[in-house]
Amino acid sequence: MPIVVNLDVMMAKRKIGASELASRVGITLSNLSILKNNRAKAIRFSTLLAICKELDCQPGDILEYRHGDDDEEDEDEDLSK
């Protein structure tokens, strides 16, 4: 997936555990784990806002675009040719 979630990196920098962050943000540990392990298909802006507030960071510190990493749009274009 071309969008990579670097939540684990920011959590390590801020020295906060998953269960503590999930509790502070108001999401389940399971949902935080899905985000942290790059298995999420989407994230609500309200969740992203809460995570950024707790970690004192910007969305760009957590989300990264990697061009060419299994880009689904490129696959769709190839099928239409």
# chains A, B, ... in the order shown; residues from 1 in each chain; ligands from 1
$ residues_around --residues "Val9 of chain A" --least-positions-apart "2" --cutoff "12 Å" --atoms "only C-alpha atoms" --output "mmCIF file with all heavy atoms, in the first residue's frame"
data_model
loop_
_atom_site.group_PDB
_atom_site.id
_atom_site.type_symbol
_atom_site.label_atom_id
_atom_site.label_comp_id
_atom_site.auth_asym_id
_atom_site.auth_seq_id
_atom_site.Cartn_x
_atom_site.Cartn_y
_atom_site.Cartn_z
ATOM 1 N N VAL A 4 1.914 4.570 4.198
ATOM 2 C CA VAL A 4 2.495 3.796 5.290
ATOM 3 C C VAL A 4 2.226 4.537 6.602
ATOM 4 O O VAL A 4 2.388 5.751 6.679
ATOM 5 C CB VAL A 4 4.017 3.629 5.085
ATOM 6 C CG1 VAL A 4 4.647 2.887 6.240
ATOM 7 C CG2 VAL A 4 4.288 2.927 3.767
ATOM 8 N N VAL A 5 1.800 3.794 7.607
ATOM 9 C CA VAL A 5 1.539 4.367 8.927
ATOM 10 C C VAL A 5 2.755 4.104 9.809
ATOM 11 O O VAL A 5 3.097 2.960 10.083
ATOM 12 C CB VAL A 5 0.267 3.753 9.561
ATOM 13 C CG1 VAL A 5 -0.004 4.380 10.916
ATOM 14 C CG2 VAL A 5 -0.935 3.931 8.642
ATOM 15 N N ASN A 6 3.411 5.185 10.217
ATOM 16 C CA ASN A 6 4.606 5.087 11.065
ATOM 17 C C ASN A 6 4.270 5.368 12.532
ATOM 18 O O ASN A 6 5.051 5.978 13.251
ATOM 19 C CB ASN A 6 5.673 6.079 10.572
ATOM 20 C CG ASN A 6 6.188 5.725 9.206
ATOM 21 O OD1 ASN A 6 6.509 4.572 8.943
ATOM 22 N ND2 ASN A 6 6.261 6.696 8.326
ATOM 23 N N LEU A 7 3.118 4.907 12.955
ATOM 24 C CA LEU A 7 2.654 5.156 14.316
ATOM 25 C C LEU A 7 3.595 4.535 15.347
ATOM 26 O O LEU A 7 3.891 5.154 16.371
ATOM 27 C CB LEU A 7 1.240 4.606 14.484
ATOM 28 C CG LEU A 7 0.547 4.853 15.811
ATOM 29 C CD1 LEU A 7 0.480 6.340 16.137
ATOM 30 C CD2 LEU A 7 -0.849 4.258 15.786
ATOM 31 N N MET A 11 5.313 6.447 18.477
ATOM 32 C CA MET A 11 5.042 5.964 19.833
ATOM 33 C C MET A 11 6.347 5.679 20.568
ATOM 34 O O MET A 11 6.472 5.998 21.748
ATOM 35 C CB MET A 11 4.163 4.707 19.787
ATOM 36 C CG MET A 11 2.733 4.978 19.391
ATOM 37 S SD MET A 11 1.783 3.464 19.107
ATOM 38 C CE MET A 11 1.909 2.674 20.704
ATOM 39 N N ALA A 12 7.318 5.121 19.877
ATOM 40 C CA ALA A 12 8.621 4.837 20.496
ATOM 41 C C ALA A 12 9.333 6.140 20.859
ATOM 42 O O ALA A 12 9.920 6.250 21.940
ATOM 43 C CB ALA A 12 9.480 4.001 19.558
ATOM 44 N N LYS A 13 9.259 7.132 19.969
ATOM 45 C CA LYS A 13 9.893 8.421 20.252
ATOM 46 C C LYS A 13 9.282 9.086 21.477
ATOM 47 O O LYS A 13 9.973 9.740 22.248
ATOM 48 C CB LYS A 13 9.750 9.367 19.057
ATOM 49 C CG LYS A 13 10.649 9.033 17.902
ATOM 50 C CD LYS A 13 10.460 10.036 16.772
ATOM 51 C CE LYS A 13 11.350 9.700 15.593
ATOM 52 N NZ LYS A 13 11.144 10.647 14.469
ATOM 53 N N ARG A 14 7.961 8.927 21.636
ATOM 54 C CA ARG A 14 7.254 9.549 22.766
ATOM 55 C C ARG A 14 7.199 8.645 23.994
ATOM 56 O O ARG A 14 6.645 9.009 25.029
ATOM 57 C CB ARG A 14 5.832 9.935 22.360
ATOM 58 C CG ARG A 14 5.760 10.924 21.203
ATOM 59 C CD ARG A 14 6.346 12.266 21.586
ATOM 60 N NE ARG A 14 6.080 13.254 20.565
ATOM 61 C CZ ARG A 14 6.996 13.754 19.735
ATOM 62 N NH1 ARG A 14 8.244 13.355 19.813
ATOM 63 N NH2 ARG A 14 6.657 14.662 18.844
ATOM 64 N N LYS A 15 7.735 7.433 23.850
ATOM 65 C CA LYS A 15 7.783 6.458 24.952
ATOM 66 C C LYS A 15 6.399 6.200 25.557
ATOM 67 O O LYS A 15 6.188 6.301 26.763
ATOM 68 C CB LYS A 15 8.771 6.906 26.023
ATOM 69 C CG LYS A 15 10.180 6.980 25.494
ATOM 70 C CD LYS A 15 11.165 7.425 26.530
ATOM 71 C CE LYS A 15 12.546 7.451 25.874
ATOM 72 N NZ LYS A 15 13.499 8.219 26.578
ATOM 73 N N ILE A 16 5.459 5.851 24.679
ATOM 74 C CA ILE A 16 4.106 5.539 25.117
ATOM 75 C C ILE A 16 3.714 4.175 24.556
ATOM 76 O O ILE A 16 4.019 3.860 23.406
ATOM 77 C CB ILE A 16 3.100 6.637 24.685
ATOM 78 C CG1 ILE A 16 1.719 6.377 25.266
ATOM 79 C CG2 ILE A 16 3.047 6.780 23.172
ATOM 80 C CD1 ILE A 16 0.745 7.525 25.084
ATOM 81 N N GLY A 17 3.091 3.375 25.380
ATOM 82 C CA GLY A 17 2.661 2.043 24.971
ATOM 83 C C GLY A 17 1.331 2.069 24.246
ATOM 84 O O GLY A 17 0.574 3.040 24.319
ATOM 85 N N ALA A 18 1.037 0.989 23.561
ATOM 86 C CA ALA A 18 -0.186 0.887 22.768
ATOM 87 C C ALA A 18 -1.440 0.982 23.632
ATOM 88 O O ALA A 18 -2.382 1.696 23.280
ATOM 89 C CB ALA A 18 -0.187 -0.413 21.968
ATOM 90 N N LYS A 36 -1.322 0.539 13.646
ATOM 91 C CA LYS A 36 0.110 0.428 13.896
ATOM 92 C C LYS A 36 0.792 -0.566 12.962
ATOM 93 O O LYS A 36 1.934 -0.368 12.566
ATOM 94 C CB LYS A 36 0.326 0.015 15.349
ATOM 95 C CG LYS A 36 1.664 0.373 15.922
ATOM 96 C CD LYS A 36 1.703 0.053 17.389
ATOM 97 C CE LYS A 36 2.225 -1.328 17.571
ATOM 98 N NZ LYS A 36 2.760 -1.664 18.840
ATOM 99 N N ASN A 37 0.081 -1.604 12.577
ATOM 100 C CA ASN A 37 0.658 -2.663 11.750
ATOM 101 C C ASN A 37 0.330 -2.509 10.264
ATOM 102 O O ASN A 37 0.447 -3.463 9.498
ATOM 103 C CB ASN A 37 0.204 -4.032 12.257
ATOM 104 C CG ASN A 37 0.748 -4.313 13.631
ATOM 105 O OD1 ASN A 37 1.926 -4.105 13.885
ATOM 106 N ND2 ASN A 37 -0.100 -4.758 14.539
ATOM 107 N N LEU A 55 0.322 12.491 20.876
ATOM 108 C CA LEU A 55 1.742 12.285 20.576
ATOM 109 C C LEU A 55 2.464 13.600 20.287
ATOM 110 O O LEU A 55 3.665 13.592 20.026
ATOM 111 C CB LEU A 55 1.896 11.321 19.390
ATOM 112 C CG LEU A 55 1.388 9.897 19.617
ATOM 113 C CD1 LEU A 55 1.560 9.069 18.348
ATOM 114 C CD2 LEU A 55 2.108 9.240 20.789
ATOM 115 N N CYS A 57 2.355 15.654 17.653
ATOM 116 C CA CYS A 57 2.996 15.551 16.348
ATOM 117 C C CYS A 57 2.044 16.012 15.252
ATOM 118 O O CYS A 57 0.893 16.350 15.523
ATOM 119 C CB CYS A 57 3.439 14.114 16.090
ATOM 120 S SG CYS A 57 2.090 12.933 15.921
ATOM 121 N N ASP A 61 3.968 13.187 10.419
ATOM 122 C CA ASP A 61 4.902 12.411 11.236
ATOM 123 C C ASP A 61 4.457 10.958 11.340
ATOM 124 O O ASP A 61 5.262 10.074 11.632
ATOM 125 C CB ASP A 61 5.012 12.997 12.648
ATOM 126 C CG ASP A 61 5.590 14.395 12.659
ATOM 127 O OD1 ASP A 61 6.431 14.705 11.785
ATOM 128 O OD2 ASP A 61 5.193 15.184 13.544
ATOM 129 N N ILE A 62 3.165 10.727 11.106
ATOM 130 C CA ILE A 62 2.581 9.398 11.249
ATOM 131 C C ILE A 62 2.320 8.744 9.890
ATOM 132 O O ILE A 62 2.526 7.553 9.721
ATOM 133 C CB ILE A 62 1.254 9.476 12.049
ATOM 134 C CG1 ILE A 62 1.529 9.966 13.461
ATOM 135 C CG2 ILE A 62 0.545 8.139 12.074
ATOM 136 C CD1 ILE A 62 0.286 10.273 14.246
ATOM 137 N N LEU A 63 1.860 9.538 8.930
ATOM 138 C CA LEU A 63 1.499 9.019 7.614
ATOM 139 C C LEU A 63 2.566 9.372 6.587
ATOM 140 O O LEU A 63 3.042 10.503 6.546
ATOM 141 C CB LEU A 63 0.153 9.589 7.163
ATOM 142 C CG LEU A 63 -1.024 9.323 8.094
ATOM 143 C CD1 LEU A 63 -2.254 10.046 7.582
ATOM 144 C CD2 LEU A 63 -1.294 7.839 8.228
ATOM 145 N N GLU A 64 2.906 8.408 5.744
ATOM 146 C CA GLU A 64 3.931 8.617 4.726
ATOM 147 C C GLU A 64 3.454 8.030 3.401
ATOM 148 O O GLU A 64 2.924 6.915 3.369
ATOM 149 C CB GLU A 64 5.219 7.918 5.168
ATOM 150 C CG GLU A 64 6.328 7.952 4.177
ATOM 151 C CD GLU A 64 7.525 7.125 4.603
ATOM 152 O OE1 GLU A 64 7.535 6.587 5.730
ATOM 153 O OE2 GLU A 64 8.447 7.001 3.791
#
$ select_by_dssp --residues "chain A" --states "strand (DSSP E)" --output "ChimeraX atom specification"
/A:3-5,63-65
$ write_last_selection --atoms "all heavy atoms" --output "mmCIF file, in the first residue's frame"
data_model
loop_
_atom_site.group_PDB
_atom_site.id
_atom_site.type_symbol
_atom_site.label_atom_id
_atom_site.label_comp_id
_atom_site.auth_asym_id
_atom_site.auth_seq_id
_atom_site.Cartn_x
_atom_site.Cartn_y
_atom_site.Cartn_z
ATOM 1 N N ILE A 3 0.414 4.235 1.160
ATOM 2 C CA ILE A 3 0.384 5.030 2.391
ATOM 3 C C ILE A 3 0.853 4.140 3.531
ATOM 4 O O ILE A 3 0.277 3.090 3.793
ATOM 5 C CB ILE A 3 -1.028 5.571 2.708
ATOM 6 C CG1 ILE A 3 -1.561 6.429 1.570
ATOM 7 C CG2 ILE A 3 -1.020 6.334 4.031
ATOM 8 C CD1 ILE A 3 -0.807 7.731 1.348
ATOM 9 N N VAL A 4 1.914 4.570 4.198
ATOM 10 C CA VAL A 4 2.495 3.796 5.290
ATOM 11 C C VAL A 4 2.226 4.537 6.602
ATOM 12 O O VAL A 4 2.388 5.751 6.679
ATOM 13 C CB VAL A 4 4.017 3.629 5.085
ATOM 14 C CG1 VAL A 4 4.647 2.887 6.240
ATOM 15 C CG2 VAL A 4 4.288 2.927 3.767
ATOM 16 N N VAL A 5 1.800 3.794 7.607
ATOM 17 C CA VAL A 5 1.539 4.367 8.927
ATOM 18 C C VAL A 5 2.755 4.104 9.809
ATOM 19 O O VAL A 5 3.097 2.960 10.083
ATOM 20 C CB VAL A 5 0.267 3.753 9.561
ATOM 21 C CG1 VAL A 5 -0.004 4.380 10.916
ATOM 22 C CG2 VAL A 5 -0.935 3.931 8.642
ATOM 23 N N LEU A 63 1.860 9.538 8.930
ATOM 24 C CA LEU A 63 1.499 9.019 7.614
ATOM 25 C C LEU A 63 2.566 9.372 6.587
ATOM 26 O O LEU A 63 3.042 10.503 6.546
ATOM 27 C CB LEU A 63 0.153 9.589 7.163
ATOM 28 C CG LEU A 63 -1.024 9.323 8.094
ATOM 29 C CD1 LEU A 63 -2.254 10.046 7.582
ATOM 30 C CD2 LEU A 63 -1.294 7.839 8.228
ATOM 31 N N GLU A 64 2.906 8.408 5.744
ATOM 32 C CA GLU A 64 3.931 8.617 4.726
ATOM 33 C C GLU A 64 3.454 8.030 3.401
ATOM 34 O O GLU A 64 2.924 6.915 3.369
ATOM 35 C CB GLU A 64 5.219 7.918 5.168
ATOM 36 C CG GLU A 64 6.328 7.952 4.177
ATOM 37 C CD GLU A 64 7.525 7.125 4.603
ATOM 38 O OE1 GLU A 64 7.535 6.587 5.730
ATOM 39 O OE2 GLU A 64 8.447 7.001 3.791
ATOM 40 N N TYR A 65 3.626 8.778 2.330
ATOM 41 C CA TYR A 65 3.308 8.282 0.995
ATOM 42 C C TYR A 65 4.577 7.730 0.361
ATOM 43 O O TYR A 65 5.593 8.406 0.313
ATOM 44 C CB TYR A 65 2.736 9.401 0.122
ATOM 45 C CG TYR A 65 2.581 8.988 -1.324
ATOM 46 C CD1 TYR A 65 1.582 8.105 -1.702
ATOM 47 C CD2 TYR A 65 3.444 9.468 -2.287
ATOM 48 C CE1 TYR A 65 1.435 7.713 -3.027
ATOM 49 C CE2 TYR A 65 3.304 9.083 -3.614
ATOM 50 C CZ TYR A 65 2.303 8.208 -3.978
ATOM 51 O OH TYR A 65 2.181 7.824 -5.277
#
$ residues_around --residues "segment 24-34 of chain A" --least-positions-apart "2" --cutoff "9 Å" --atoms "only C-alpha atoms" --output "list in words"
Ala18, Ser19, Glu20, Leu21, Ala22, Lys36, Asn37, Asn38, Arg39, Ala40, Thr47, Ala50, Ile51, Lys53 and Glu54 of chain A
$ write_last_selection --atoms "C-alpha atoms" --output "JSON list (two decimals), in the first residue's frame"
[["chain", "number", "residue", "atom", "x", "y", "z"],
["A", 18, "ALA", "CA", -0.19, 0.89, 22.77],
["A", 19, "SER", "CA", -2.67, 0.31, 25.58],
["A", 20, "GLU", "CA", -1.98, 3.74, 27.09],
["A", 21, "LEU", "CA", -2.34, 5.52, 23.74],
["A", 22, "ALA", "CA", -5.53, 3.61, 22.88],
["A", 36, "LYS", "CA", 0.11, 0.43, 13.90],
["A", 37, "ASN", "CA", 0.66, -2.66, 11.75],
["A", 38, "ASN", "CA", -0.35, -0.99, 8.45],
["A", 39, "ARG", "CA", -3.49, -3.08, 8.02],
["A", 40, "ALA", "CA", -5.95, -0.17, 8.14],
["A", 47, "THR", "CA", -8.96, 9.65, 15.31],
["A", 50, "ALA", "CA", -6.67, 12.63, 18.77],
["A", 51, "ILE", "CA", -3.51, 10.61, 18.04],
["A", 53, "LYS", "CA", -2.73, 15.60, 20.08],
["A", 54, "GLU", "CA", -1.58, 12.78, 22.36]]
$ atom_distance --atom1 "atom CA of Met10 of chain A" --atom2 "atom CA of His67 of chain A"
21.5 Å
$ closest_residue --among "A:Asp56, A:Leu48, A:Pro2, A:Gly68" --to "Leu35 of chain A" --atoms "only C-alpha atoms"
A:Leu48
$ decode --residues "segment 47-62 of chain A" --atoms "all heavy atoms" --output "mmCIF file, in the first residue's frame"
data_model
loop_
_atom_site.group_PDB
_atom_site.id
_atom_site.type_symbol
_atom_site.label_atom_id
_atom_site.label_comp_id
_atom_site.auth_asym_id
_atom_site.auth_seq_id
_atom_site.Cartn_x
_atom_site.Cartn_y
_atom_site.Cartn_z
ATOM 1 N N THR A 47 -9.925 10.559 14.703
ATOM 2 C CA THR A 47 -8.962 9.648 15.315
ATOM 3 C C THR A 47 -7.539 10.135 15.080
ATOM 4 O O THR A 47 -6.713 10.151 15.995
ATOM 5 C CB THR A 47 -9.125 8.216 14.759
ATOM 6 O OG1 THR A 47 -10.466 7.782 14.992
ATOM 7 C CG2 THR A 47 -8.154 7.254 15.401
ATOM 8 N N LEU A 48 -7.264 10.576 13.856
ATOM 9 C CA LEU A 48 -5.941 11.117 13.537
ATOM 10 C C LEU A 48 -5.646 12.343 14.386
ATOM 11 O O LEU A 48 -4.542 12.492 14.914
ATOM 12 C CB LEU A 48 -5.862 11.452 12.044
ATOM 13 C CG LEU A 48 -4.529 11.946 11.510
ATOM 14 C CD1 LEU A 48 -3.418 10.933 11.755
ATOM 15 C CD2 LEU A 48 -4.647 12.270 10.031
ATOM 16 N N LEU A 49 -6.634 13.206 14.549
ATOM 17 C CA LEU A 49 -6.486 14.394 15.393
ATOM 18 C C LEU A 49 -6.159 14.004 16.830
ATOM 19 O O LEU A 49 -5.225 14.552 17.434
ATOM 20 C CB LEU A 49 -7.764 15.238 15.351
ATOM 21 C CG LEU A 49 -7.842 16.418 16.313
ATOM 22 C CD1 LEU A 49 -6.810 17.470 15.940
ATOM 23 C CD2 LEU A 49 -9.229 17.013 16.301
ATOM 24 N N ALA A 50 -6.898 13.059 17.380
ATOM 25 C CA ALA A 50 -6.674 12.632 18.768
ATOM 26 C C ALA A 50 -5.286 12.017 18.940
ATOM 27 O O ALA A 50 -4.602 12.280 19.939
ATOM 28 C CB ALA A 50 -7.752 11.634 19.183
ATOM 29 N N ILE A 51 -4.847 11.222 17.968
ATOM 30 C CA ILE A 51 -3.514 10.613 18.036
ATOM 31 C C ILE A 51 -2.445 11.698 17.982
ATOM 32 O O ILE A 51 -1.497 11.698 18.768
ATOM 33 C CB ILE A 51 -3.322 9.580 16.905
ATOM 34 C CG1 ILE A 51 -4.189 8.345 17.168
ATOM 35 C CG2 ILE A 51 -1.854 9.184 16.774
ATOM 36 C CD1 ILE A 51 -4.250 7.363 16.007
ATOM 37 N N CYS A 52 -2.609 12.650 17.066
ATOM 38 C CA CYS A 52 -1.627 13.735 16.943
ATOM 39 C C CYS A 52 -1.566 14.591 18.208
ATOM 40 O O CYS A 52 -0.479 15.007 18.623
ATOM 41 C CB CYS A 52 -1.940 14.602 15.725
ATOM 42 S SG CYS A 52 -1.558 13.795 14.162
ATOM 43 N N LYS A 53 -2.712 14.836 18.822
ATOM 44 C CA LYS A 53 -2.728 15.603 20.080
ATOM 45 C C LYS A 53 -1.967 14.857 21.170
ATOM 46 O O LYS A 53 -1.167 15.448 21.892
ATOM 47 C CB LYS A 53 -4.163 15.865 20.538
ATOM 48 C CG LYS A 53 -4.831 17.013 19.836
ATOM 49 C CD LYS A 53 -6.203 17.244 20.428
ATOM 50 C CE LYS A 53 -6.872 18.463 19.812
ATOM 51 N NZ LYS A 53 -8.205 18.699 20.391
ATOM 52 N N GLU A 54 -2.223 13.567 21.305
ATOM 53 C CA GLU A 54 -1.582 12.779 22.361
ATOM 54 C C GLU A 54 -0.086 12.609 22.141
ATOM 55 O O GLU A 54 0.683 12.575 23.095
ATOM 56 C CB GLU A 54 -2.248 11.413 22.505
ATOM 57 C CG GLU A 54 -3.603 11.455 23.154
ATOM 58 C CD GLU A 54 -3.605 12.068 24.536
ATOM 59 O OE1 GLU A 54 -2.645 11.852 25.312
ATOM 60 O OE2 GLU A 54 -4.569 12.783 24.850
ATOM 61 N N LEU A 55 0.322 12.491 20.876
ATOM 62 C CA LEU A 55 1.742 12.285 20.576
ATOM 63 C C LEU A 55 2.464 13.600 20.287
ATOM 64 O O LEU A 55 3.665 13.592 20.026
ATOM 65 C CB LEU A 55 1.896 11.321 19.390
ATOM 66 C CG LEU A 55 1.388 9.897 19.617
ATOM 67 C CD1 LEU A 55 1.560 9.069 18.348
ATOM 68 C CD2 LEU A 55 2.108 9.240 20.789
ATOM 69 N N ASP A 56 1.727 14.709 20.325
ATOM 70 C CA ASP A 56 2.295 16.032 20.048
ATOM 71 C C ASP A 56 3.071 16.013 18.735
ATOM 72 O O ASP A 56 4.282 16.268 18.696
ATOM 73 C CB ASP A 56 3.189 16.496 21.204
ATOM 74 C CG ASP A 56 3.603 17.960 21.050
ATOM 75 O OD1 ASP A 56 2.851 18.725 20.421
ATOM 76 O OD2 ASP A 56 4.688 18.309 21.550
ATOM 77 N N CYS A 57 2.355 15.654 17.653
ATOM 78 C CA CYS A 57 2.996 15.551 16.348
ATOM 79 C C CYS A 57 2.044 16.012 15.252
ATOM 80 O O CYS A 57 0.893 16.350 15.523
ATOM 81 C CB CYS A 57 3.439 14.114 16.090
ATOM 82 S SG CYS A 57 2.090 12.933 15.921
ATOM 83 N N GLN A 58 2.511 16.008 14.042
ATOM 84 C CA GLN A 58 1.732 16.361 12.863
ATOM 85 C C GLN A 58 1.317 15.080 12.134
ATOM 86 O O GLN A 58 2.002 14.049 12.250
ATOM 87 C CB GLN A 58 2.571 17.231 11.921
ATOM 88 C CG GLN A 58 2.939 18.580 12.492
ATOM 89 C CD GLN A 58 1.722 19.449 12.694
ATOM 90 O OE1 GLN A 58 0.877 19.581 11.802
ATOM 91 N NE2 GLN A 58 1.606 20.036 13.869
ATOM 92 N N PRO A 59 0.225 15.128 11.352
ATOM 93 C CA PRO A 59 -0.173 13.932 10.593
ATOM 94 C C PRO A 59 0.948 13.377 9.718
ATOM 95 O O PRO A 59 1.091 12.166 9.574
ATOM 96 C CB PRO A 59 -1.351 14.422 9.746
ATOM 97 C CG PRO A 59 -1.942 15.535 10.552
ATOM 98 C CD PRO A 59 -0.765 16.211 11.209
ATOM 99 N N GLY A 60 1.777 14.249 9.167
ATOM 100 C CA GLY A 60 2.895 13.813 8.333
ATOM 101 C C GLY A 60 3.971 13.063 9.092
ATOM 102 O O GLY A 60 4.804 12.377 8.486
ATOM 103 N N ASP A 61 3.968 13.187 10.419
ATOM 104 C CA ASP A 61 4.902 12.411 11.236
ATOM 105 C C ASP A 61 4.457 10.958 11.340
ATOM 106 O O ASP A 61 5.262 10.074 11.632
ATOM 107 C CB ASP A 61 5.012 12.997 12.648
ATOM 108 C CG ASP A 61 5.590 14.395 12.659
ATOM 109 O OD1 ASP A 61 6.431 14.705 11.785
ATOM 110 O OD2 ASP A 61 5.193 15.184 13.544
ATOM 111 N N ILE A 62 3.165 10.727 11.106
ATOM 112 C CA ILE A 62 2.581 9.398 11.249
ATOM 113 C C ILE A 62 2.320 8.744 9.890
ATOM 114 O O ILE A 62 2.526 7.553 9.721
ATOM 115 C CB ILE A 62 1.254 9.476 12.049
ATOM 116 C CG1 ILE A 62 1.529 9.966 13.461
ATOM 117 C CG2 ILE A 62 0.545 8.139 12.074
ATOM 118 C CD1 ILE A 62 0.286 10.273 14.246
#
